[in-house]
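Each remark here refers to the structure printed beneath this line.
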Amino acid sequence: MNKEELIAHYFNGQISKEGFLQLKTLLEEDNAFKKDFYAQLEVQQTIGQEKNAPLKERFNQLNQKSIPKTKWYLYAAAITILIVIGSFFYNSQPDYQDLYANNFEAYPNVIAPTVRGPEAPKESKVALAFQYYDNENYAKAAELFKTLYKETGEDYAFFYQSVSLMAVGKTSKAITTLEQHNWNEPKDYQTITQWYVGLGYLKLENKEKAKLHLKNVKVSGKPLAKQAKEILQKIE
Amino acid sequence: MIEDQYLIKQLKQKDLKALDKVYLTYKEEFFLFAKGFSISEEDIEDVYQETVISFYENIQKGKLNQLTSSLKTYLFAIGKFKIYKQAKKNKVSYEDELVIHADEEIQTFEIALSNERQKVLKKAFNSLGKKCKKVLELFFYEGLTLDEIQNYLKYSSKDVLKSQKSRCLKHLKELVEKRYE
């Protein structure tokens with residue numbers, strides 16, 4: 001079997017045991033072939049990632065449905081007890097504003113680190129927007145990100161615009177912006193936008209909506225999951 | 001085993017409820033299993049989802065027509081491979097030369113792509129023409145043979161299709177390289 005046939009058989013899933021071993025040996029011995037095959041695996045995995053995003057989403061939703069089965073009752077029981085005990089001492093709702101203030105933090109600038117000193121690059125709009133952002137001048141930053149998004153269509157511009165709005169206290173507006181954008185592609189922003197929308201609703205004291213979004217963060221397995229879980233426990 | 005065969009039959013017909021069942025049934029055990037390796041809890045969820053998806057793809061491609069072991073054994077064989085890959089990815093820097101992970105048991109080759117690289121590839125792929133995308137998808141993702149693709153997309157000959165495919169790959173490569181310049 002020649003190289004081309006081997007590759008074809010591999011990708012349609014019908015390669016024999018011998019064929020597989022032959023391919024493996026070739027990869028060890030023939031560097032040019034390996035490079036070529038590597039590039040093809042890259043293509044395969046890239047297409048796979050794209051095509052399988054809906055399935056991953058499906059699994060994440062399954063997680064949401066299935067977690068309550070095992071743990072929800074325990075938490076609910078524990079929290080009920082706490083609330084009952086707590087209500088003897090004082091009768092109050094969780095303080096949403098406090099929770100928000102303790103958890104909200106403008107997302108770090110991971111796009112264009114501000115460079116200081118004589119070697120600072122020529123000021124582009126991106127750099128300028130992030131300079132405002134890093135200096136906590138969020139109102140100005142929001143404006144610049146907005147124009148930047150209009151010009152480039154880059155997701156990050158849209159995202160940082162929304163976070164800037166939230167940081168200056170324009171919560172409802174930030175939520176609407178975040179919600180109207182489709183964050184399914186690329187996936188990088190999926191969890192983090194859920195997080196900010198959830199926090200926004202917390203600030204607006206819309207408990208149900210806050211819960212909905214924070215739960216998505218909780219099951220995401222991402223670093224923020226723990227923080228989301230803690231908030232959820234406090235407002236349940 | 002009989003139940004396994006039934007599930008596989010359902011999966012072959014793209015019954016996603018059956019896939020949910022597989023996903024939920026083995027999740028807990030998989031997490032316990034994966035915790036023995038040096039990968040973070042966040043990564044385990046990712047790896048598990050990818051494992052179930054690969055499993056599903058392999059069934060679609062007919063790689064599993066005759067199940068010689070139980071469904072679970074096969075699923076975990078895929079999972080183990082992915083865990084190893086992930087554990088190594090955490091240790092090795094991407095700049096190291098091209099590493100192709102291979103597993104004879106499940107007859108799979110995979111590479112560890114950095115997020116950065118994945119993004120570039122995705123952008124490049126999406127800027128290919130419609131026809132190129134289709135050919136590459138059918139070949140690499142759907143696992144169709146060249147004959148099947150020729151038939152499906154009505155190419156006049158297999159050679160025309162072959163050269164189209166290599167042109168598409170070449171174009172993709174150029175697009176990727178351009179983004180690194």
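Going by the structure tokens order, chains are called A, B, ..., each with residues numbered from 1, while ligands are numbered from 1 in the order shown.
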Would you give me, as JSON lines, each residue of range 45-149 of chain B having an atom within 9 Å of an atom of range 54-57 of chain A, along with its shortest atom pair and that distance in Å to one decimal, using only C-alpha atoms and sorting by chain and residue number?
{"residue": "B:Asp46", "atom": "CA", "partner": "A:Lys56", "partner_atom": "CA", "distance": 8.7}
{"residue": "B:Gln49", "atom": "CA", "partner": "A:Lys56", "partner_atom": "CA", "distance": 6.6}
{"residue": "B:Glu50", "atom": "CA", "partner": "A:Lys56", "partner_atom": "CA", "distance": 8.1}
{"residue": "B:Ile53", "atom": "CA", "partner": "A:Leu55", "partner_atom": "CA", "distance": 7.6}
Put those residues in a file: C-alpha atoms, as a PDB file, in the first residue's frame.
ATOM      1  CA  ASP B  46     -12.836  18.702  28.627  1.00  0.00           C
ATOM      2  CA  GLN B  49     -16.291  15.314  26.569  1.00  0.00           C
ATOM      3  CA  GLU B  50     -13.748  14.855  23.832  1.00  0.00           C
ATOM      4  CA  ILE B  53     -17.198  12.623  21.053  1.00  0.00           C
TER       5      ILE B  53
END
Should the cut-off be 6 Å, what would the residue list for chain B against chain A look like, counting only C-alpha atoms, as a PyMOL selection string?
chain B and resi 42+61+63+140+143-144
Gln97 in chain A: which residues within 9 Å, counting only C-alpha atoms, same-chain residues fewer than 4 positions away excluded, as a PyMOL selection string?
chain A and resi 101-102+202-205
Dump as a PDB file, in the first residue's frame, selection limited to C-alpha atoms:
ATOM      1  CA  ALA A 101     -18.916  44.474  44.777  1.00  0.00           C
ATOM      2  CA  ASN A 102     -16.938  41.610  46.230  1.00  0.00           C
ATOM      3  CA  LEU A 202     -26.931  40.173  40.682  1.00  0.00           C
ATOM      4  CA  LYS A 203     -26.394  43.900  40.803  1.00  0.00           C
ATOM      5  CA  LEU A 204     -29.882  44.459  39.414  1.00  0.00           C
ATOM      6  CA  GLU A 205     -31.133  42.078  42.112  1.00  0.00           C
TER       7      GLU A 205
END
Residue with the minimum atom-to-atom distance to Ser164 in chain A, picked from A:Tyr189, A:Thr147, A:Thr177, A:Tyr133 with only C-alpha atoms counted, is A:Tyr133
Expressed in Å, the length from CA of Val217 in chain A to CA of Phe104 in chain A is 14.4 Å
Proximity check range 73-131 of chain B to range 149-168 of chain B, 12 Å, nearest pairs one decimal Å, only C-alpha atoms, as a tab-separated table:
residue	atom	partner	partner_atom	distance
B:Ala124	CA	B:Cys168	CA	11.3
B:Phe125	CA	B:Cys168	CA	9.7
B:Ser127	CA	B:Cys168	CA	11.3
B:Leu128	CA	B:Cys168	CA	7.9
B:Gly129	CA	B:Cys168	CA	8.7
B:Lys130	CA	B:Cys168	CA	10.6
B:Lys131	CA	B:Cys168	CA	8.9
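CA of Ser162 in chain A lies 27.6 Å from CA of Arg179 in chain B.
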I'd like the neighbourhood of Ile83 in chain B as a list of chain:residue names, where a residue qualifies if any of its atoms comes within 9 Å (using only C-alpha atoms), though same-chain residues fewer than 2 positions away should be ignored. B:Ala34, B:Phe37, B:Ser38, B:Ile39, B:Ile44, B:Val47, B:Tyr48, B:Ile78, B:Gly79, B:Lys80, B:Phe81, B:Lys85, B:Gln86, B:Ala87, B:Lys88
